[in-house]
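Text of query.txt (compact mmCIF, C-alpha atoms (C1' of nucleotides)) as supplied:
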```txt
# COMPACT_ATOMS: atom_id res chain seq x y z
CA MET C 1 0.00 0.00 0.00
CA THR C 2 1.24 3.44 -0.87
CA ASP C 3 -0.12 4.69 2.43
CA ASP C 4 3.05 3.57 4.07
CA ARG C 5 5.15 6.42 2.74
CA VAL C 6 2.53 8.92 3.83
CA PHE C 7 2.38 7.56 7.37
CA LYS C 8 6.15 7.43 7.58
CA ALA C 9 6.41 10.95 6.24
CA LEU C 10 3.98 12.21 8.85
CA ALA C 11 5.86 10.48 11.65
CA ASP C 12 8.57 13.13 11.87
CA PRO C 13 7.85 16.39 13.71
CA THR C 14 10.14 18.40 11.44
CA ARG C 15 8.23 17.21 8.42
CA ARG C 16 4.89 18.02 10.05
CA PHE C 17 6.28 21.47 10.78
CA LEU C 18 7.24 21.85 7.13
CA LEU C 19 3.70 20.94 6.15
CA ASP C 20 2.48 23.53 8.62
CA LEU C 21 4.71 26.15 7.04
CA LEU C 22 3.41 25.28 3.60
CA PHE C 23 -0.10 25.26 4.92
CA ALA C 24 0.37 28.79 6.20
CA ARG C 25 1.86 29.90 2.90
CA ASP C 26 2.32 27.82 -0.20
CA GLY C 27 4.93 28.09 -2.93
CA ARG C 28 7.99 28.62 -0.79
CA THR C 29 11.50 27.91 -1.90
CA LEU C 30 13.97 25.66 -0.13
CA THR C 31 16.08 28.47 1.30
CA GLU C 32 12.94 30.19 2.46
CA LEU C 33 11.85 27.07 4.36
CA GLU C 34 15.34 26.46 5.62
CA SER C 35 15.42 29.85 7.31
CA GLU C 36 12.55 28.78 9.56
CA LEU C 37 14.35 25.72 10.89
CA GLU C 38 17.31 25.08 13.15
CA MET C 39 18.87 22.77 10.65
CA THR C 40 21.17 22.88 7.66
CA ARG C 41 19.82 23.13 4.16
CA TYR C 42 20.67 19.50 3.56
CA GLY C 43 18.54 18.24 6.38
CA VAL C 44 15.59 20.25 5.14
CA MET C 45 16.19 18.94 1.63
CA LYS C 46 16.04 15.38 2.85
CA HIS C 47 12.78 16.01 4.66
CA LEU C 48 11.27 17.71 1.64
CA ARG C 49 12.35 14.76 -0.45
CA VAL C 50 10.47 12.38 1.85
CA LEU C 51 7.41 14.60 1.67
CA GLU C 52 7.66 14.68 -2.12
CA ASP C 53 8.00 10.90 -2.32
CA ALA C 54 4.86 10.62 -0.22
CA ASN C 55 3.21 13.06 -2.61
CA LEU C 56 2.42 15.35 0.29
CA VAL C 57 4.41 18.12 -1.32
CA VAL C 58 4.40 19.03 -4.99
CA THR C 59 7.07 21.20 -6.57
CA ARG C 60 7.56 23.45 -9.55
CA ARG C 61 10.92 24.55 -10.88
CA SER C 62 11.43 28.02 -12.22
CA GLY C 63 14.97 28.94 -13.13
CA ARG C 64 17.24 28.21 -10.23
CA GLU C 65 14.37 28.16 -7.77
CA LYS C 66 12.06 25.34 -6.75
CA PHE C 67 8.72 26.15 -5.24
CA HIS C 68 7.00 23.82 -2.82
CA PHE C 69 3.27 23.33 -2.54
CA LEU C 70 1.22 21.39 -0.03
CA ASN C 71 -0.80 18.58 -1.54
CA PRO C 72 -3.65 17.57 0.78
CA VAL C 73 -4.83 14.65 -1.34
CA PRO C 74 -2.89 11.84 0.35
CA ILE C 75 -4.00 13.03 3.75
CA GLN C 76 -7.55 13.18 2.52
CA GLN C 77 -7.23 9.61 1.28
CA ILE C 78 -5.86 8.36 4.55
CA HIS C 79 -8.64 10.16 6.26
CA ASP C 80 -11.22 8.54 4.03
CA ARG C 81 -10.07 4.97 3.93
CA TRP C 82 -8.41 4.64 7.31
CA ILE C 83 -9.33 7.15 9.94
CA ASP C 84 -13.04 7.18 9.36
CA LYS C 85 -13.02 3.45 9.88
CA TYR C 86 -11.78 3.82 13.42
CA THR C 87 -13.43 7.02 14.52
CA GLU C 88 -16.95 7.05 13.10
CA HIS C 89 -17.42 3.37 13.53
CA HIS C 90 -16.05 3.26 17.01
CA THR C 91 -17.16 6.52 18.57
CA SER C 92 -20.41 4.93 19.64
CA ALA C 93 -18.55 1.97 21.07
CA LEU C 94 -16.34 4.32 23.05
CA ILE C 95 -18.70 4.55 25.97
CA ASP C 96 -18.98 0.79 25.98
CA LEU C 97 -15.20 0.47 26.14
CA LYS C 98 -15.02 2.97 28.95
CA ASP C 99 -17.66 1.02 30.84
CA GLU C 100 -15.97 -2.21 30.15
CA LEU C 101 -12.68 -0.97 31.51
CA GLU C 102 -14.16 0.67 34.58
CA ASN C 103 -16.52 -2.08 35.57
CA GLY C 104 -13.93 -4.65 34.77
CA SER C 105 -16.38 -6.75 32.91
CA MET Q 1 2.94 17.61 21.68
CA THR Q 2 1.76 14.11 22.59
CA ASP Q 3 0.71 13.67 18.97
CA ASP Q 4 4.22 12.62 18.19
CA ARG Q 5 3.92 9.21 19.74
CA VAL Q 6 0.66 8.61 17.91
CA PHE Q 7 2.12 9.53 14.54
CA LYS Q 8 5.20 7.44 15.19
CA ALA Q 9 3.05 4.52 16.30
CA LEU Q 10 1.01 4.73 13.12
CA ALA Q 11 4.12 4.83 10.97
CA ASP Q 12 4.76 1.09 11.16
CA PRO Q 13 2.71 -1.29 8.97
CA THR Q 14 2.81 -4.07 11.56
CA ARG Q 15 1.32 -1.75 14.16
CA ARG Q 16 -1.38 -0.62 11.76
CA PHE Q 17 -2.14 -4.27 11.12
CA LEU Q 18 -2.42 -4.85 14.86
CA LEU Q 19 -4.87 -1.98 15.07
CA ASP Q 20 -6.80 -3.56 12.21
CA LEU Q 21 -6.93 -6.85 14.09
CA LEU Q 22 -8.22 -5.14 17.18
CA PHE Q 23 -10.64 -3.18 15.09
CA ALA Q 24 -12.03 -6.41 13.71
CA ARG Q 25 -12.28 -7.91 17.18
CA ASP Q 26 -11.40 -6.25 20.45
CA GLY Q 27 -10.13 -7.75 23.68
CA ARG Q 28 -7.58 -10.12 22.26
CA THR Q 29 -4.68 -11.48 24.19
CA LEU Q 30 -1.03 -11.25 23.21
CA THR Q 31 -0.71 -14.87 22.14
CA GLU Q 32 -3.89 -14.53 20.16
CA LEU Q 33 -2.51 -11.55 18.28
CA GLU Q 34 0.88 -13.15 17.89
CA SER Q 35 -0.68 -16.10 16.05
CA GLU Q 36 -1.78 -13.74 13.27
CA LEU Q 37 1.71 -12.41 12.62
CA GLU Q 38 4.89 -13.79 11.13
CA MET Q 39 6.90 -12.62 14.07
CA THR Q 40 7.94 -13.81 17.49
CA ARG Q 41 5.95 -12.94 20.57
CA TYR Q 42 8.61 -10.45 21.60
CA GLY Q 43 8.31 -8.45 18.44
CA VAL Q 44 4.55 -8.24 18.84
CA MET Q 45 5.00 -7.25 22.48
CA LYS Q 46 7.26 -4.37 21.48
CA HIS Q 47 4.75 -3.14 18.93
CA LEU Q 48 1.90 -3.40 21.40
CA ARG Q 49 3.99 -1.47 23.88
CA VAL Q 50 4.42 1.35 21.38
CA LEU Q 51 0.69 1.36 20.71
CA GLU Q 52 -0.01 1.45 24.44
CA ASP Q 53 2.40 4.33 24.98
CA ALA Q 54 0.59 6.20 22.24
CA ASN Q 55 -2.66 5.38 24.02
CA LEU Q 56 -3.96 3.76 20.86
CA VAL Q 57 -4.39 0.50 22.69
CA VAL Q 58 -5.74 0.05 26.19
CA THR Q 59 -5.28 -3.13 28.18
CA ARG Q 60 -6.90 -4.98 31.05
CA ARG Q 61 -5.20 -7.70 33.05
CA SER Q 62 -7.14 -10.69 34.24
CA GLY Q 63 -5.13 -13.42 35.86
CA ARG Q 64 -2.28 -14.34 33.66
CA GLU Q 65 -3.92 -12.88 30.59
CA LYS Q 66 -3.84 -9.36 29.24
CA PHE Q 67 -6.58 -8.20 26.93
CA HIS Q 68 -6.01 -5.50 24.35
CA PHE Q 69 -8.58 -2.97 23.26
CA LEU Q 70 -8.49 -0.43 20.49
CA ASN Q 71 -8.76 3.15 21.68
CA PRO Q 72 -9.89 5.42 18.85
CA VAL Q 73 -9.60 8.66 20.84
CA PRO Q 74 -6.05 9.67 19.84
CA ILE Q 75 -6.85 9.07 16.19
CA GLN Q 76 -10.00 11.12 16.57
CA GLN Q 77 -7.96 13.92 18.10
CA ILE Q 78 -5.41 13.88 15.31
CA HIS Q 79 -8.27 13.89 12.90
CA ASP Q 80 -9.84 16.89 14.61
CA ARG Q 81 -6.90 19.13 15.22
CA TRP Q 82 -4.62 18.17 12.35
CA ILE Q 83 -6.23 16.48 9.39
CA ASP Q 84 -9.29 18.66 9.10
CA LYS Q 85 -7.00 21.63 8.91
CA TYR Q 86 -5.43 20.37 5.70
CA THR Q 87 -8.33 18.67 4.04
CA GLU Q 88 -11.39 20.84 4.59
CA HIS Q 89 -9.50 24.07 4.35
CA HIS Q 90 -7.56 23.10 1.29
CA THR Q 91 -9.98 21.03 -0.72
CA SER Q 92 -11.29 24.16 -2.37
CA ALA Q 93 -7.77 25.34 -3.08
CA LEU Q 94 -6.94 22.02 -4.68
CA ILE Q 95 -8.29 23.01 -8.07
CA ASP Q 96 -6.26 26.20 -7.84
CA LEU Q 97 -3.12 24.22 -7.13
CA LYS Q 98 -3.82 21.89 -10.01
CA ASP Q 99 -4.30 24.88 -12.31
CA GLU Q 100 -1.22 26.54 -11.01
CA LEU Q 101 0.90 23.50 -11.67
CA GLU Q 102 -0.53 22.81 -15.11
CA ASN Q 103 -0.53 26.32 -16.42
CA GLY Q 104 2.82 26.96 -14.87
CA SER Q 105 1.73 30.25 -13.49
C1' DA J 1 3.14 -29.71 44.05
C1' DC J 2 4.32 -29.11 39.46
C1' DA J 3 4.09 -28.75 34.63
C1' DA J 4 2.16 -26.01 31.21
C1' DT J 5 0.69 -21.48 30.02
C1' DA J 6 0.71 -16.24 29.59
C1' DG J 7 3.33 -12.56 29.95
C1' DG J 8 7.76 -9.56 30.97
C1' DT J 9 12.81 -7.84 30.86
C1' DG J 10 17.42 -6.75 29.25
C1' DA J 11 21.02 -7.57 26.16
C1' DC J 12 21.98 -7.75 21.69
C1' DC J 13 22.16 -7.01 16.49
C1' DA J 14 21.11 -5.36 11.72
C1' DA J 15 18.87 -2.00 9.26
C1' DA J 16 16.68 2.39 8.76
C1' DT J 17 16.70 7.23 9.91
C1' DG J 18 18.07 12.11 10.82
C1' DG J 19 21.53 15.02 10.17
C1' DT J 20 26.08 17.13 8.44
C1' DC J 21 29.76 18.03 5.14
C1' DA J 22 32.61 18.39 0.81
C1' DC J 23 31.80 19.04 -3.53
C1' DA J 24 29.32 19.88 -7.87
C1' DT J 25 25.73 21.87 -11.34
C1' DG J 26 22.84 25.24 -13.16
C1' DT J 27 21.15 30.22 -13.20
C1' DC J 28 21.04 35.06 -12.58
C1' DA J 29 22.89 39.86 -12.40
C1' DA J 30 26.39 43.33 -13.04
C1' DT F 1 32.13 36.52 -17.78
C1' DT F 2 32.55 36.05 -13.41
C1' DG F 3 30.84 35.84 -8.87
C1' DA F 4 27.04 35.03 -6.05
C1' DC F 5 23.03 32.32 -5.45
C1' DA F 6 19.73 28.15 -5.44
C1' DT F 7 19.68 23.57 -5.58
C1' DG F 8 21.59 18.70 -5.91
C1' DT F 9 24.50 14.36 -4.71
C1' DG F 10 27.12 10.93 -2.26
C1' DA F 11 29.72 9.72 1.56
C1' DC F 12 29.60 9.55 6.15
C1' DC F 13 28.15 9.24 11.18
C1' DA F 14 25.26 8.77 15.46
C1' DT F 15 20.96 7.42 16.99
C1' DT F 16 16.69 5.08 16.69
C1' DT F 17 14.08 1.21 15.42
C1' DG F 18 12.49 -3.55 14.44
C1' DG F 19 13.35 -7.88 15.69
C1' DT F 20 15.33 -12.08 18.19
C1' DC F 21 16.96 -14.64 22.15
C1' DA F 22 18.01 -16.27 26.95
C1' DC F 23 16.06 -16.01 30.98
C1' DC F 24 12.55 -14.80 34.52
C1' DT F 25 7.82 -14.25 37.09
C1' DA F 26 3.10 -15.14 37.81
C1' DT F 27 -1.08 -17.96 37.15
C1' DT F 28 -3.65 -21.96 36.22
C1' DG F 29 -5.24 -26.89 35.91
C1' DT F 30 -4.59 -31.42 37.41
```
Show how you would write the structure in this file as structure tokens.
Amino acid sequence: MTDDRVFKALADPTRRFLLDLLFARDGRTLTELESELEMTRYGVMKHLRVLEDANLVVTRRSGREKFHFLNPVPIQQIHDRWIDKYTEHHTSALIDLKDELENGS
Amino acid sequence: MTDDRVFKALADPTRRFLLDLLFARDGRTLTELESELEMTRYGVMKHLRVLEDANLVVTRRSGREKFHFLNPVPIQQIHDRWIDKYTEHHTSALIDLKDELENGS
DNA sequence: ACAATAGGTGACCAAATGGTCACATGTCAA
DNA sequence: TTGACATGTGACCATTTGGTCACCTATTGT
């Protein structure tokens, strides 16, 4: 399943922060993003690469610059075919679980 | 943020499979879960430990057995305060992004 | 009582991961 | 056309992670 790369990409706080930056303002360049992090350019590059491989970030080259855009589609897909399953289906059973644990039966 | 452990826990396919097993049927014991995996008991234990630390799995001891329950709350929280932000807010901007990338402007 | 059963711990190892650095390419501006 | 700028690559290193094993404790059934 291609979900794996998305989950792995989301597992790192730096990468989630990068997504947050892009969420706040799209189309930033590498050096622009780098300036927001306590990390060398190379570290940021690696993280962006992971995000690109997971298709969470899409890029466009223009001259010597590369602009980065947030792509919400993979997250939406995970949401649809994975998270809903647990939340919606189980929210009603949550009280039951709580009871079960507290009453010990 | 305590989200980190949840994201990290979800990053491993074996752990997601364990959650799937518990989603299909709650209250399973370690040896029961182990029998579904190509892995030693110790590996499964480690994964369950990670899931417990992330509060994605809740347990109840009874005698020499330990029953495992799926806890959807952390996933619900991530959904609420993280995924919605990207999906709902950006779904309308998705067409714009697509345009932007295709037209190159 | 005791053997089988269910679970737990710590050491250990290979592989993956996060991060840096030296170096290298392509592009823009004066 | 040359120097500064934006990005890229591969080697390299420390730490984390996924997994196994030897050994250990607690509970249960007979």
Between chain C and chain F, at 9 Å or less, what are the per-residue closest atom pairs and their distances in Å? Count all atoms listed in the file, order by chain and rising residue number, and return it as a tab-separated table.
```
residue	atom	partner	partner_atom	distance
C:Thr29	CA	F:DA6	C1'	9.0
C:Leu30	CA	F:DT7	C1'	8.2
C:Thr31	CA	F:DA6	C1'	7.7
C:Arg64	CA	F:DA6	C1'	5.4
C:Glu65	CA	F:DA6	C1'	5.8
C:Lys66	CA	F:DT7	C1'	7.9
```
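If only C-alpha atoms are the atoms counted, then among C:Glu34, C:Pro72, C:Gln77, C:Ala24 the closest residue to chain Q is C:Pro72.
Residue-level contact on chain Q: within 6 Å of chain C, counting only C-alpha atoms, the set is Phe7, Lys8, Ala11, Pro72, Gln76, Tyr86 and Thr87 of chain Q.
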Hey, could you pull the box centre and edge lengths for range 21-24 of chain F, axis-aligned, 5 Å padding per side, all listed atoms, to one decimal in Å, as AutoDock Vina command-line options?
```
--center_x 15.3 --center_y -15.5 --center_z 28.3 --size_x 15.5 --size_y 11.6 --size_z 22.4
```
| task | For chain J, report every residue with an atom at most 10 Å from chain C (counting only C-alpha atoms (C1' of nucleotides)), formatted as number ranges by chain. | result | J: 18-21, 26-28
Can you spit out the residues from that selection as a PDB file, in the frame of the given file, using C-alpha atoms (C1' of nucleotides)?
```pdb
ATOM      1  C1'  DG J  18      18.070  12.110  10.820  1.00  0.00           C
ATOM      2  C1'  DG J  19      21.530  15.020  10.170  1.00  0.00           C
ATOM      3  C1'  DT J  20      26.080  17.130   8.440  1.00  0.00           C
ATOM      4  C1'  DC J  21      29.760  18.030   5.140  1.00  0.00           C
ATOM      5  C1'  DG J  26      22.840  25.240 -13.160  1.00  0.00           C
ATOM      6  C1'  DT J  27      21.150  30.220 -13.200  1.00  0.00           C
ATOM      7  C1'  DC J  28      21.040  35.060 -12.580  1.00  0.00           C
TER       8       DC J  28
END
```
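Of note, CA of Arg28 in chain C and C1' of DA29 in chain J are spaced 22.0 Å apart.
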| So how many Å separate CA of Leu56 in chain Q and C1' of DC12 in chain J, to one decimal? | 28.4 Å
| field | Straight-line distance linking CA of Leu21 in chain C with CA of Asp53 in chain Q, stated in Å to one decimal | value | 28.3 Å
